[in-house]
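Shown here: target-v3.cif, mmCIF, C-alpha atoms.
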data_data
#
loop_
_atom_site.label_atom_id
_atom_site.label_comp_id
_atom_site.auth_asym_id
_atom_site.auth_seq_id
_atom_site.Cartn_x
_atom_site.Cartn_y
_atom_site.Cartn_z
CA MET A 1 6.72 86.00 55.45
CA LEU A 2 7.33 84.51 58.91
CA GLU A 3 6.22 87.76 60.53
CA GLN A 4 2.98 87.74 58.55
CA LEU A 5 2.45 84.12 59.53
CA ARG A 6 3.11 84.92 63.18
CA LEU A 7 0.58 87.74 63.24
CA ARG A 8 -2.03 85.76 61.37
CA THR A 9 -1.76 82.52 63.34
CA ALA A 10 -1.09 83.82 66.86
CA ARG A 11 -4.80 83.71 67.66
CA PHE A 12 -4.81 80.02 66.75
CA GLY A 13 -2.09 79.42 69.32
CA LEU A 14 0.83 79.08 66.93
CA ASP A 15 4.13 80.55 68.07
CA VAL A 16 7.05 81.46 65.83
CA ILE A 17 10.60 81.12 67.14
CA MET A 18 13.48 82.29 65.00
CA ILE A 19 16.91 80.79 65.64
CA ASN A 20 19.92 82.58 64.22
CA VAL A 21 22.70 80.26 63.11
CA TRP A 22 26.09 80.27 61.29
CA GLU A 23 26.45 84.02 61.54
CA ASN A 24 30.26 83.68 61.82
CA THR A 25 30.83 87.14 63.24
CA ASP A 26 28.84 89.25 65.73
CA PRO A 27 25.68 87.10 65.76
CA ARG A 28 23.94 89.35 68.29
CA GLU A 29 24.54 92.49 66.23
CA GLU A 30 23.79 90.83 62.89
CA ALA A 31 20.59 89.21 64.13
CA ALA A 32 19.46 92.48 65.75
CA ASN A 33 20.00 94.38 62.49
CA PHE A 34 18.17 91.69 60.57
CA ALA A 35 15.22 91.79 62.99
CA ALA A 36 15.08 95.59 62.75
CA VAL A 37 15.28 95.73 58.96
CA TRP A 38 12.57 93.12 58.50
CA ASP A 39 10.49 94.36 61.45
CA ILE A 40 10.52 90.98 63.18
CA GLY A 41 8.48 90.76 66.36
CA ALA A 42 8.96 87.02 66.88
CA THR A 43 11.21 85.56 69.56
CA VAL A 44 14.77 85.46 68.21
CA LEU A 45 17.25 83.03 69.78
CA LEU A 46 20.96 82.76 69.07
CA ASP A 47 22.60 79.42 68.22
CA GLY A 48 26.02 80.99 68.03
CA THR A 49 27.99 77.75 67.76
CA GLY A 50 25.53 76.05 65.41
CA GLU A 51 25.46 73.15 67.85
CA TYR A 52 21.69 73.03 68.16
CA ALA A 53 21.20 73.18 64.37
CA ALA A 54 23.69 70.32 64.03
CA ARG A 55 21.81 68.22 66.61
CA LEU A 56 18.67 68.61 64.53
CA GLY A 57 20.45 67.79 61.28
CA ILE A 58 19.79 71.24 59.84
CA THR A 59 21.99 71.78 56.78
CA GLY A 60 20.67 75.00 55.27
CA VAL A 61 18.98 78.32 55.85
CA PRO A 62 16.20 79.08 55.83
CA THR A 63 14.73 75.87 57.23
CA ASN A 64 11.47 75.59 59.13
CA VAL A 65 10.76 72.99 61.81
CA LEU A 66 7.10 72.53 62.79
CA VAL A 67 6.41 71.18 66.28
CA ASP A 68 3.07 70.00 67.64
CA GLU A 69 1.62 70.35 71.14
CA HIS A 70 3.18 67.04 72.18
CA GLY A 71 6.65 68.31 71.33
CA LEU A 72 6.87 66.09 68.25
CA VAL A 73 8.41 67.36 65.02
CA ARG A 74 5.78 67.29 62.30
CA ALA A 75 7.71 68.73 59.36
CA VAL A 76 11.18 69.96 58.40
CA GLY A 77 11.86 72.21 55.44
CA ASP A 78 8.82 73.97 53.98
CA THR A 79 10.25 77.38 53.20
CA THR A 80 8.27 78.57 50.20
CA PRO A 81 5.07 80.42 51.14
CA ALA A 82 2.90 77.67 49.63
CA GLU A 83 4.74 74.87 51.43
CA LEU A 84 4.77 76.66 54.76
CA HIS A 85 1.10 77.59 54.63
CA ALA A 86 0.14 74.02 53.77
CA ALA A 87 2.27 72.62 56.61
CA VAL A 88 0.87 75.15 59.11
CA ARG A 89 -2.69 74.41 58.01
CA GLU A 90 -2.05 70.74 58.65
CA LEU A 91 -0.50 71.43 62.05
CA LEU A 92 -3.33 73.71 63.14
CA GLY A 93 -6.04 71.51 61.69
CA GLU A 94 -5.35 68.67 64.07
CA ASP A 95 -7.16 70.07 67.09
CA MET B 96 40.93 37.65 38.70
CA SER B 97 39.16 37.24 41.99
CA ALA B 98 36.52 34.58 42.26
CA GLN B 99 34.27 37.14 43.97
CA GLY B 100 34.00 39.49 41.02
CA PRO B 101 35.83 41.43 38.36
CA ALA B 102 39.30 42.77 39.05
CA CYS B 103 38.26 46.24 38.05
CA SER B 104 34.99 48.01 38.54
CA VAL B 105 33.45 51.16 37.15
CA ASP B 106 32.55 53.78 39.71
CA LEU B 107 29.13 55.10 38.78
CA SER B 108 28.73 57.54 41.66
CA HIS B 109 29.88 61.06 42.34
CA ARG B 110 32.27 61.32 45.27
CA VAL B 111 32.55 64.14 47.75
CA ARG B 112 36.30 64.05 48.16
CA GLY B 113 36.51 66.52 50.98
CA HIS B 114 35.50 69.75 52.60
CA CYS B 115 38.37 72.21 52.84
CA PRO B 116 38.16 75.03 55.45
CA VAL B 117 38.62 78.36 53.67
CA GLY B 118 37.36 81.17 55.89
CA LYS B 119 34.17 82.68 57.26
CA GLY B 120 31.09 82.84 55.07
CA PRO B 121 32.50 81.65 51.74
CA GLU B 122 29.87 82.89 49.29
CA ALA B 123 31.41 82.36 45.87
CA VAL B 124 34.19 80.52 44.09
CA VAL B 125 35.85 80.93 40.71
CA VAL B 126 38.26 78.45 39.11
CA ASP B 127 41.31 78.95 36.91
CA PRO B 128 41.92 75.41 35.63
CA ASP B 129 45.12 76.28 33.72
CA ARG B 130 46.87 77.80 36.71
CA ARG B 131 45.32 75.20 39.06
CA ARG B 132 43.80 77.83 41.32
CA ALA B 133 40.44 78.43 42.97
CA TYR B 134 39.54 81.82 44.41
CA VAL B 135 36.95 82.10 47.15
CA ALA B 136 35.16 85.22 48.41
CA CYS B 137 34.88 84.85 52.20
CA SER B 138 32.18 87.35 53.09
CA ARG B 139 32.69 87.31 56.85
CA SER B 140 36.47 87.25 56.71
CA ASN B 141 36.42 90.32 54.41
CA ALA B 142 38.93 88.48 52.26
CA VAL B 143 39.50 86.57 49.05
CA VAL B 144 41.39 83.30 49.49
CA ALA B 145 43.37 81.55 46.74
CA LEU B 146 43.72 77.77 46.87
CA ASP B 147 45.87 75.28 45.02
CA LEU B 148 43.29 73.10 43.26
CA ASP B 149 45.34 69.93 43.36
CA ARG B 150 46.46 70.15 46.98
CA ALA B 151 43.25 71.83 48.23
CA ALA B 152 45.53 74.12 50.22
CA PRO B 153 45.51 77.92 50.65
CA VAL B 154 48.10 79.86 48.64
CA TRP B 155 47.31 83.41 49.69
CA ARG B 156 44.66 85.38 51.51
CA ALA B 157 43.98 89.00 50.55
CA PRO B 158 41.94 91.50 52.55
CA VAL B 159 39.29 93.29 50.46
CA GLY B 160 36.33 95.49 51.47
CA ARG B 161 33.58 94.48 53.89
CA GLU B 162 31.47 91.49 52.98
CA PRO B 163 32.76 90.39 49.57
CA ILE B 164 30.01 88.24 48.02
CA PRO B 165 30.90 87.51 44.38
CA VAL B 166 34.30 87.10 42.78
CA VAL B 167 35.18 86.95 39.06
CA LEU B 168 38.44 86.36 37.22
CA ASP B 169 39.49 88.35 34.16
CA ARG B 170 41.81 85.89 32.47
CA PRO B 171 43.56 88.22 30.00
CA THR B 172 44.86 90.42 32.79
CA ARG B 173 44.80 87.79 35.57
CA ARG B 174 42.85 90.14 37.77
CA LEU B 175 40.25 89.22 40.34
CA PHE B 176 37.26 91.42 41.06
CA SER B 177 35.31 91.15 44.31
CA ALA B 178 32.16 93.16 45.07
CA ASP B 179 32.31 94.26 48.70
CA ALA B 180 28.66 94.68 49.64
CA ARG B 181 29.11 96.67 52.85
CA SER B 182 31.87 98.90 51.53
CA ASP B 183 30.07 99.81 48.29
CA THR B 184 33.25 98.97 46.41
CA VAL B 185 34.73 96.57 43.89
CA THR B 186 38.24 95.48 44.86
CA VAL B 187 40.67 94.40 42.15
CA LEU B 188 43.45 91.95 43.03
CA ASP B 189 46.39 90.44 41.20
CA ALA B 190 45.31 86.79 40.91
CA ASP B 191 48.86 85.48 41.17
CA THR B 192 49.93 87.33 44.31
CA GLY B 193 46.75 88.64 45.92
CA ALA B 194 48.18 92.16 45.80
CA ARG B 195 45.50 94.82 45.77
CA LEU B 196 45.51 96.93 42.62
CA VAL B 197 42.63 99.28 43.27
CA ARG B 198 39.37 99.67 45.12
CA LEU B 199 36.63 101.28 43.03
CA PRO B 200 33.53 102.95 44.51
CA VAL B 201 30.37 101.58 42.91
CA GLY B 202 26.70 101.74 43.95
CA SER B 203 25.10 100.77 47.23
CA TYR B 204 25.46 97.17 48.45
CA PRO B 205 27.00 95.53 45.36
CA ALA B 206 26.13 91.85 45.70
CA GLY B 207 26.70 90.42 42.21
CA LEU B 208 29.23 90.60 39.39
CA GLY B 209 29.17 89.79 35.69
CA HIS B 210 32.02 89.67 33.20
CA HIS B 211 32.31 90.29 29.45
CA SER B 212 35.83 89.37 28.41
CA GLY B 213 35.43 90.58 24.82
CA LEU B 214 34.18 94.02 25.77
CA ARG B 215 36.69 94.12 28.64
CA ARG B 216 34.00 94.86 31.17
CA VAL B 217 32.93 93.86 34.63
CA TYR B 218 29.40 94.66 35.80
CA ALA B 219 28.41 95.08 39.46
CA GLY B 220 24.77 94.75 40.53
CA ASN B 221 24.01 97.27 43.29
CA THR B 222 21.26 95.81 45.46
CA ALA B 223 20.20 98.88 47.44
CA ASP B 224 20.34 101.24 44.42
CA GLY B 225 18.78 98.97 41.86
CA THR B 226 21.53 99.74 39.37
CA VAL B 227 24.41 98.06 37.57
CA THR B 228 27.85 99.71 37.50
CA ALA B 229 30.01 98.96 34.44
CA ILE B 230 33.78 98.87 34.97
CA ASP B 231 36.51 98.87 32.33
CA ALA B 232 38.52 95.74 33.14
CA ASP B 233 41.73 97.16 31.62
CA ARG B 234 41.73 100.75 32.79
CA LEU B 235 39.96 99.89 36.05
CA GLU B 236 37.57 102.81 35.80
CA VAL B 237 33.84 103.09 36.17
CA ILE B 238 32.39 103.77 32.72
CA GLY B 239 28.68 103.98 33.31
CA THR B 240 25.55 102.82 35.09
CA VAL B 241 22.55 100.80 33.98
CA PRO B 242 19.22 101.46 35.70
CA ALA B 243 17.85 98.13 36.93
CA GLU B 244 15.45 97.46 39.81
CA LEU B 245 15.52 97.04 43.57
CA GLY B 246 17.63 94.12 44.66
CA ALA B 247 19.92 94.21 41.61
CA GLY B 248 22.68 91.66 42.14
CA SER B 249 23.82 88.78 40.00
CA VAL B 250 24.75 89.68 36.41
CA ALA B 251 25.05 87.26 33.48
CA VAL B 252 26.42 88.06 30.05
CA ASP B 253 25.52 86.56 26.68
CA ALA B 254 28.58 87.70 24.73
CA GLY B 255 27.29 86.44 21.38
CA ARG B 256 24.19 88.62 21.48
CA GLY B 257 25.94 91.43 23.35
CA LEU B 258 23.43 91.37 26.20
CA GLY B 259 23.65 91.59 29.96
CA TYR B 260 21.10 90.25 32.43
CA CYS B 261 20.71 91.49 35.98
CA ALA B 262 18.63 89.62 38.59
CA ASN B 263 16.60 91.98 40.78
CA PHE B 264 15.94 90.11 44.03
CA MET B 265 13.28 92.34 45.59
CA ALA B 266 11.56 93.26 42.32
CA GLY B 267 11.21 89.66 41.15
CA SER B 268 12.57 90.51 37.74
CA VAL B 269 15.53 90.41 35.39
CA THR B 270 16.71 93.56 33.61
CA VAL B 271 18.10 92.97 30.11
CA PHE B 272 20.62 95.55 28.95
CA ASP B 273 22.92 96.22 26.05
CA ALA B 274 26.36 95.18 27.30
CA ALA B 275 28.09 97.80 25.12
CA THR B 276 25.85 100.88 25.31
CA LEU B 277 24.51 100.03 28.81
CA ARG B 278 20.99 100.85 27.61
CA PRO B 279 18.27 98.89 29.42
CA LEU B 280 16.26 96.96 26.84
CA ARG B 281 13.52 95.05 28.61
CA ARG B 282 12.27 93.54 31.84
CA ILE B 283 11.55 89.86 32.37
CA ALA B 284 9.19 89.01 35.23
CA VAL B 285 10.35 85.92 37.11
CA ARG B 286 9.50 84.08 40.32
CA GLU B 287 10.15 85.43 43.82
CA GLY B 288 13.65 86.19 45.00
CA PRO B 289 15.81 85.86 41.87
CA CYS B 290 19.29 85.48 43.30
CA LYS B 291 21.49 84.31 40.46
CA VAL B 292 21.48 84.39 36.66
CA VAL B 293 23.66 82.23 34.42
CA SER B 294 23.71 82.22 30.62
CA ASN B 295 24.14 79.07 28.57
CA PRO B 296 24.63 80.17 24.95
CA ALA B 297 25.33 76.58 23.86
CA VAL B 298 21.63 75.76 24.20
CA GLY B 299 20.24 79.31 24.09
CA HIS B 300 19.14 79.51 27.73
CA LEU B 301 19.35 81.93 30.59
CA TYR B 302 18.81 80.35 34.00
CA VAL B 303 17.30 82.29 36.87
CA ALA B 304 17.44 80.83 40.40
CA SER B 305 14.36 82.03 42.31
CA SER B 306 15.45 81.50 45.88
CA LEU B 307 12.08 82.20 47.51
CA HIS B 308 10.21 79.97 45.11
CA GLY B 309 12.55 76.97 45.04
CA THR B 310 12.79 76.87 41.26
CA VAL B 311 15.11 77.62 38.36
CA SER B 312 13.48 79.32 35.37
CA ARG B 313 14.70 78.55 31.89
CA VAL B 314 14.53 81.67 29.75
CA SER B 315 15.13 81.94 26.00
CA LEU B 316 18.23 83.96 25.16
CA ASP B 317 16.64 84.71 21.79
CA ASP B 318 13.62 86.64 22.96
CA GLY B 319 13.50 86.62 26.77
CA THR B 320 10.52 84.25 26.96
CA VAL B 321 10.27 82.26 30.18
CA LEU B 322 10.18 78.67 28.90
CA ASP B 323 9.46 76.83 32.14
CA GLU B 324 10.37 76.45 35.82
CA VAL B 325 12.32 73.51 37.16
CA PRO B 326 11.74 72.68 40.83
CA VAL B 327 14.92 72.21 42.86
CA GLU B 328 15.42 72.13 46.62
CA ARG B 329 15.10 74.90 49.22
CA ALA B 330 16.46 78.36 48.44
CA PRO B 331 18.52 78.03 45.24
CA VAL B 332 21.04 80.89 45.29
CA GLY B 333 24.08 79.88 43.23
CA MET B 334 24.59 78.17 39.87
CA CYS B 335 27.16 77.22 37.26
CA VAL B 336 26.89 75.46 33.92
CA ASP B 337 29.41 73.04 32.38
CA ALA B 338 31.36 73.93 29.24
CA PRO B 339 29.19 71.97 26.77
CA GLY B 340 26.10 73.49 28.37
CA GLU B 341 24.62 70.10 29.22
CA ARG B 342 24.38 70.31 32.98
CA LEU B 343 23.48 73.04 35.39
CA TYR B 344 24.57 72.84 39.02
CA VAL B 345 22.34 74.65 41.51
CA CYS B 346 23.32 75.41 45.12
CA ASN B 347 20.35 75.02 47.46
CA ARG B 348 21.17 77.24 50.42
CA GLY B 349 18.20 76.00 52.43
CA ALA B 350 19.05 72.35 52.04
CA GLY B 351 22.82 71.93 51.97
CA THR B 352 22.65 70.30 48.55
CA VAL B 353 23.46 70.87 44.90
CA SER B 354 20.76 70.01 42.37
CA VAL B 355 22.07 68.71 39.05
CA LEU B 356 19.88 69.63 36.09
CA ASP B 357 19.82 68.22 32.59
CA THR B 358 19.61 71.49 30.66
CA ALA B 359 18.07 70.04 27.49
CA ALA B 360 15.41 68.03 29.29
CA GLY B 361 14.76 70.74 31.88
CA ARG B 362 14.69 68.40 34.83
CA GLU B 363 16.68 67.61 37.95
CA THR B 364 18.56 64.33 37.62
CA HIS B 365 19.97 64.04 41.15
CA ARG B 366 21.28 65.92 44.17
CA VAL B 367 24.66 66.10 45.81
CA THR B 368 24.93 66.59 49.56
CA VAL B 369 27.56 69.25 50.33
CA GLY B 370 28.20 71.51 53.35
CA ASN B 371 25.84 73.85 55.17
CA ALA B 372 24.09 76.63 53.27
CA PRO B 373 26.04 76.50 49.98
CA GLY B 374 26.29 79.88 48.24
CA ASP B 375 27.78 79.19 44.83
CA CYS B 376 29.83 76.72 42.79
CA ALA B 377 32.32 76.41 39.94
CA LEU B 378 33.71 73.57 37.84
CA ASP B 379 37.29 72.45 37.39
CA PRO B 380 37.17 70.63 34.05
CA VAL B 381 40.73 69.33 34.43
CA SER B 382 39.96 67.22 37.49
CA ASP B 383 36.23 66.74 36.75
CA THR B 384 35.46 68.41 40.06
CA LEU B 385 32.69 70.71 41.22
CA LEU B 386 33.76 73.17 43.91
CA VAL B 387 31.04 74.41 46.22
CA SER B 388 31.45 77.31 48.67
CA ASN B 389 29.48 76.53 51.82
CA ALA B 390 28.69 79.81 53.56
CA GLY B 391 27.35 78.07 56.67
CA SER B 392 30.25 75.64 57.12
CA GLY B 393 33.12 77.90 56.10
CA THR B 394 34.31 75.22 53.69
CA LEU B 395 34.82 74.41 50.04
CA SER B 396 33.43 71.02 48.99
CA PHE B 397 35.24 69.07 46.27
CA VAL B 398 32.79 66.85 44.36
CA HIS B 399 34.36 64.49 41.86
CA ARG B 400 32.30 63.70 38.74
CA PRO B 401 29.24 65.55 40.02
CA TRP B 402 27.17 64.60 36.96
CA LEU B 403 26.89 61.05 38.29
CA PRO B 404 24.20 60.16 40.84
CA GLY B 405 25.16 59.13 44.35
CA PRO B 406 23.83 58.59 47.83
CA VAL B 407 20.22 59.69 48.15
CA ARG B 408 18.96 61.45 51.24
CA PRO B 409 15.71 60.14 52.74
CA ALA B 410 12.71 62.04 51.37
CA VAL B 411 11.48 62.71 54.90
CA HIS B 412 13.83 64.35 57.38
CA PRO B 413 14.82 61.85 60.10
CA LEU B 414 13.57 64.22 62.80
CA VAL B 415 9.95 64.06 61.60
CA GLY B 416 7.80 62.12 64.06
CA ARG B 417 10.41 62.35 66.79
CA PRO B 418 10.52 64.60 69.86
CA LEU B 419 12.20 67.93 69.26
CA PRO B 420 15.60 67.89 71.01
CA HIS B 421 15.67 70.22 74.00
CA PHE B 422 17.19 73.67 73.53
CA ALA B 423 18.52 76.28 75.91
CA LEU B 424 19.54 79.33 73.89
CA PRO B 425 20.00 83.03 74.67
CA ASP B 426 17.30 85.45 73.57
CA LEU B 427 18.50 88.20 71.24
CA ARG B 428 16.51 90.71 73.26
CA GLY B 429 17.92 90.74 76.77
CA GLY B 430 20.10 87.65 76.61
CA ARG B 431 17.88 85.50 78.87
CA ILE B 432 18.22 81.74 78.30
CA ARG B 433 15.02 80.37 76.77
CA THR B 434 14.24 76.65 76.76
CA THR B 435 11.82 74.26 75.09
CA ARG B 436 10.04 73.99 78.44
CA GLU B 437 8.43 77.39 77.77
CA TRP B 438 6.74 76.06 74.66
CA ALA B 439 5.51 72.81 76.19
CA GLU B 440 2.01 71.94 75.02
CA LYS B 441 2.15 74.63 72.33
CA LYS B 442 2.33 74.38 68.58
CA TYR B 443 5.15 76.33 67.01
CA VAL B 444 7.35 76.92 64.01
CA ILE B 445 11.10 77.24 64.42
CA ASN B 446 12.72 79.19 61.61
CA PHE B 447 16.47 78.69 61.35
CA PHE B 448 17.94 81.75 59.66
CA ALA B 449 21.11 83.70 59.00
CA SER B 450 21.26 87.41 58.24
CA TRP B 451 23.08 86.70 55.01
#

Structure translated into structure tokens:
Amino acid sequence: MLEQLRLRTARFGLDVIMINVWENTDPREEAANFAAVWDIGATVLLDGTGEYAARLGITGVPTNVLVDEHGLVRAVGDTTPAELHAAVRELLGED
Amino acid sequence: MSAQGPACSVDLSHRVRGHCPVGKGPEAVVVDPDRRRAYVACSRSNAVVALDLDRAAPVWRAPVGREPIPVVLDRPTRRLFSADARSDTVTVLDADTGARLVRLPVGSYPAGLGHHSGLRRVYAGNTADGTVTAIDADRLEVIGTVPAELGAGSVAVDAGRGLGYCANFMAGSVTVFDAATLRPLRRIAVREGPCKVVSNPAVGHLYVASSLHGTVSRVSLDDGTVLDEVPVERAPVGMCVDAPGERLYVCNRGAGTVSVLDTAAGRETHRVTVGNAPGDCALDPVSDTLLVSNAGSGTLSFVHRPWLPGPVRPAVHPLVGRPLPHFALPDLRGGRIRTTREWAEKKYVINFFASW
């Protein structure tokens, strides 16, 4: 779903960053396999210790964080297709 | 009596009594209230861990196959069954000692188990094959296979009607099969990403947690009709029901919470904040405690009297409206450190994910 969103919204200037967290063992290998299986072209970063997720107060996966051009967080959560599309529409609509 | 108030008070809240470290990636928990034991499948430790329920302390730790996801207990024989997704096996352990009895080859990527005590059977849902393997719980032999659909995993049993239900994650369906003959009987279309099925014969319901839709479907055990969908929080993946069938506890992997549902009314009454990315839960009726296996935290949460409401999280995440904290994290491809600076003046979505 994220990959479809990335491809569809790239021309509107929306980037997708995926952050792998709480992998427990071999995060690089597990995340690489995951990206290959699901054909993920987005940037994938590794939060091996979970420290960054903790700083943001992230308590589950998947969780989406939407950030505007001022670096402000506009939404947290929004993981069903309907919720995510609505949140992205709102983010992109504020040009 | 104190002048400030009554000498005794009634506690009307649930209490999270603690979070006990158990191992890496604890995905599922099963409780034996009589023997005061909990058993946890630790998917990334490749082990099942037994805990003393009253002391919340480990008793033994048994290696099983790779990535055990579900665990069930067969009480008559005191045997534990774990489905080891990456080994394509079901491992059987002695519940008292953790000694391994046998490892049985099943289908590809078994990710769910069901249990029919009366028929003496354990069923394993094979995700990559789209099948269910039936195992004789006494003789510890594979006795047959049920064709299901892609993403077959969690299996529920309605012993009274002699039916099994298998959730097919990728197919968005539930396969109903005859628990004795293993004949598939019908298909129930459900919402996206069905991850767990639980039967509640006391009120005639099957519950289906649709992880990609954020809902739990109530399905009639009589005729397979989908009655309604109850919204919960993000990514419901695990569930258990209490003995009277009055409350359903739903683990929301995307939120770090458990939704508590009134089964008769079909609505969520409250949420309990647990650890990160909870996978499944089980009840200990002796101590009125819900145990929740938190795959992200590596812990087991002990929630006392979970049917009572408690602290409520703010509806809006505290980060909303605030600057995103700076990150500097390695890129999977090449290992270069990437920072927020690169995305300055851009709009973007960060998706926190785990491969499991």

For this file, the PyMOL selection byres ((chain A) within 8 of (chain B)) selects which residues, as a VMD selection string? chain A and resid 13 to 25 28 30 to 32 34 43 to 47 52 to 53 55 to 81 91 to 92

Given the PyMOL selection byres ((chain B and resi 181-190) around 6) and the file above, list the residues it selects as a list in words.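 Residues picked by the PyMOL selection byres ((chain B and resi 181-190) around 6): Gly160, Arg161, Glu162, Arg173, Arg174, Leu175, Phe176, Ser177, Ala178, Asp179, Ala180, Asp191, Thr192, Gly193, Ala194, Arg195, Leu196, Val197, Arg198, Leu199, Pro200, Val201, Gly202, Ser203 and Tyr204 of chain B.
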
Just give me the gap between atom CA of Asn141 of chain B and atom CA of Pro158 of chain B in Å, one decimal is fine.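 Here the two named atoms are 5.9 Å from each other.
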
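Compared by their closest atoms to Tyr134 of chain B, and using all atoms listed in the file, the residues B:Leu107, B:Ala360, B:Leu168, B:Val227 rank with B:Leu168 nearest.
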
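Minimum atom-to-atom distances from A:Ala82, A:Gly93, A:Ile40, A:Ala87 to Arg6 of chain A were compared using all atoms listed in the file, and the lowest value belongs to A:Ile40.
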
In Å to one decimal, how far is atom CA of Pro326 of chain B from atom CA of His365 of chain B? 11.9 Å

For the structure provided, state which residues fall under the PyMOL selection byres ((chain B and resi 156) around 9), and present them as a list in words. Ala142, Val143, Val144, Ala145, Leu146, Pro153, Val154, Trp155, Ala157, Pro158 and Gly193 of chain B

Filtering to C-alpha atoms, could you give me those residues as a CSV table (one decimal), keeping the file's coordinate frame?
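For reference, selection.csv as written:
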chain,number,residue,atom,x,y,z
B,142,ALA,CA,38.9,88.5,52.3
B,143,VAL,CA,39.5,86.6,49.0
B,144,VAL,CA,41.4,83.3,49.5
B,145,ALA,CA,43.4,81.6,46.7
B,146,LEU,CA,43.7,77.8,46.9
B,153,PRO,CA,45.5,77.9,50.6
B,154,VAL,CA,48.1,79.9,48.6
B,155,TRP,CA,47.3,83.4,49.7
B,157,ALA,CA,44.0,89.0,50.6
B,158,PRO,CA,41.9,91.5,52.6
B,193,GLY,CA,46.8,88.6,45.9

Using all atoms listed in the file, determine which residues lie at most 10 Å from Ser315 of chain B, disregarding the query and same-chain residues fewer than 5 positions distant; provide the list as a list in words. Ser294, Asn295, Pro296, Val298, Gly299, His300, Leu301, Tyr302, Thr320, Val321, Leu322 and Asp323 of chain B

File output, segment 137-175 of chain B (C-alpha atoms) as a PDB file, in the first residue's frame:
ATOM      1  CA  CYS B 137       9.128 -16.097  21.495  1.00  0.00           C
ATOM      2  CA  SER B 138       9.390 -15.911  17.721  1.00  0.00           C
ATOM      3  CA  ARG B 139      12.827 -14.328  17.547  1.00  0.00           C
ATOM      4  CA  SER B 140      14.337 -16.412  20.325  1.00  0.00           C
ATOM      5  CA  ASN B 141      13.162 -19.597  18.553  1.00  0.00           C
ATOM      6  CA  ALA B 142      11.905 -20.755  21.929  1.00  0.00           C
ATOM      7  CA  VAL B 143       8.882 -21.325  24.122  1.00  0.00           C
ATOM      8  CA  VAL B 144       9.207 -19.903  27.632  1.00  0.00           C
ATOM      9  CA  ALA B 145       7.234 -21.130  30.662  1.00  0.00           C
ATOM     10  CA  LEU B 146       6.486 -18.666  33.463  1.00  0.00           C
ATOM     11  CA  ASP B 147       5.162 -19.033  36.971  1.00  0.00           C
ATOM     12  CA  LEU B 148       1.943 -17.003  36.864  1.00  0.00           C
ATOM     13  CA  ASP B 149       2.072 -15.896  40.477  1.00  0.00           C
ATOM     14  CA  ARG B 150       5.730 -14.902  40.585  1.00  0.00           C
ATOM     15  CA  ALA B 151       5.865 -13.697  36.950  1.00  0.00           C
ATOM     16  CA  ALA B 152       9.180 -15.522  36.732  1.00  0.00           C
ATOM     17  CA  PRO B 153      10.552 -17.904  34.070  1.00  0.00           C
ATOM     18  CA  VAL B 154      10.470 -21.615  34.916  1.00  0.00           C
ATOM     19  CA  TRP B 155      11.983 -23.094  31.780  1.00  0.00           C
ATOM     20  CA  ARG B 156      12.919 -22.120  28.258  1.00  0.00           C
ATOM     21  CA  ALA B 157      12.769 -24.690  25.458  1.00  0.00           C
ATOM     22  CA  PRO B 158      14.273 -24.321  21.995  1.00  0.00           C
ATOM     23  CA  VAL B 159      11.800 -25.116  19.195  1.00  0.00           C
ATOM     24  CA  GLY B 160      11.976 -24.523  15.423  1.00  0.00           C
ATOM     25  CA  ARG B 161      12.591 -21.156  13.769  1.00  0.00           C
ATOM     26  CA  GLU B 162      10.090 -18.404  14.418  1.00  0.00           C
ATOM     27  CA  PRO B 163       7.426 -20.013  16.606  1.00  0.00           C
ATOM     28  CA  ILE B 164       4.328 -17.810  16.325  1.00  0.00           C
ATOM     29  CA  PRO B 165       1.381 -19.567  18.009  1.00  0.00           C
ATOM     30  CA  VAL B 166       1.374 -21.917  20.980  1.00  0.00           C
ATOM     31  CA  VAL B 167      -1.481 -24.103  22.268  1.00  0.00           C
ATOM     32  CA  LEU B 168      -1.808 -26.372  25.292  1.00  0.00           C
ATOM     33  CA  ASP B 169      -3.451 -29.788  25.155  1.00  0.00           C
ATOM     34  CA  ARG B 170      -4.553 -30.193  28.754  1.00  0.00           C
ATOM     35  CA  PRO B 171      -5.297 -33.941  28.796  1.00  0.00           C
ATOM     36  CA  THR B 172      -1.737 -34.791  27.819  1.00  0.00           C
ATOM     37  CA  ARG B 173      -0.080 -31.616  29.140  1.00  0.00           C
ATOM     38  CA  ARG B 174       1.592 -31.083  25.814  1.00  0.00           C
ATOM     39  CA  LEU B 175       2.430 -27.788  24.180  1.00  0.00           C
TER      40      LEU B 175
END
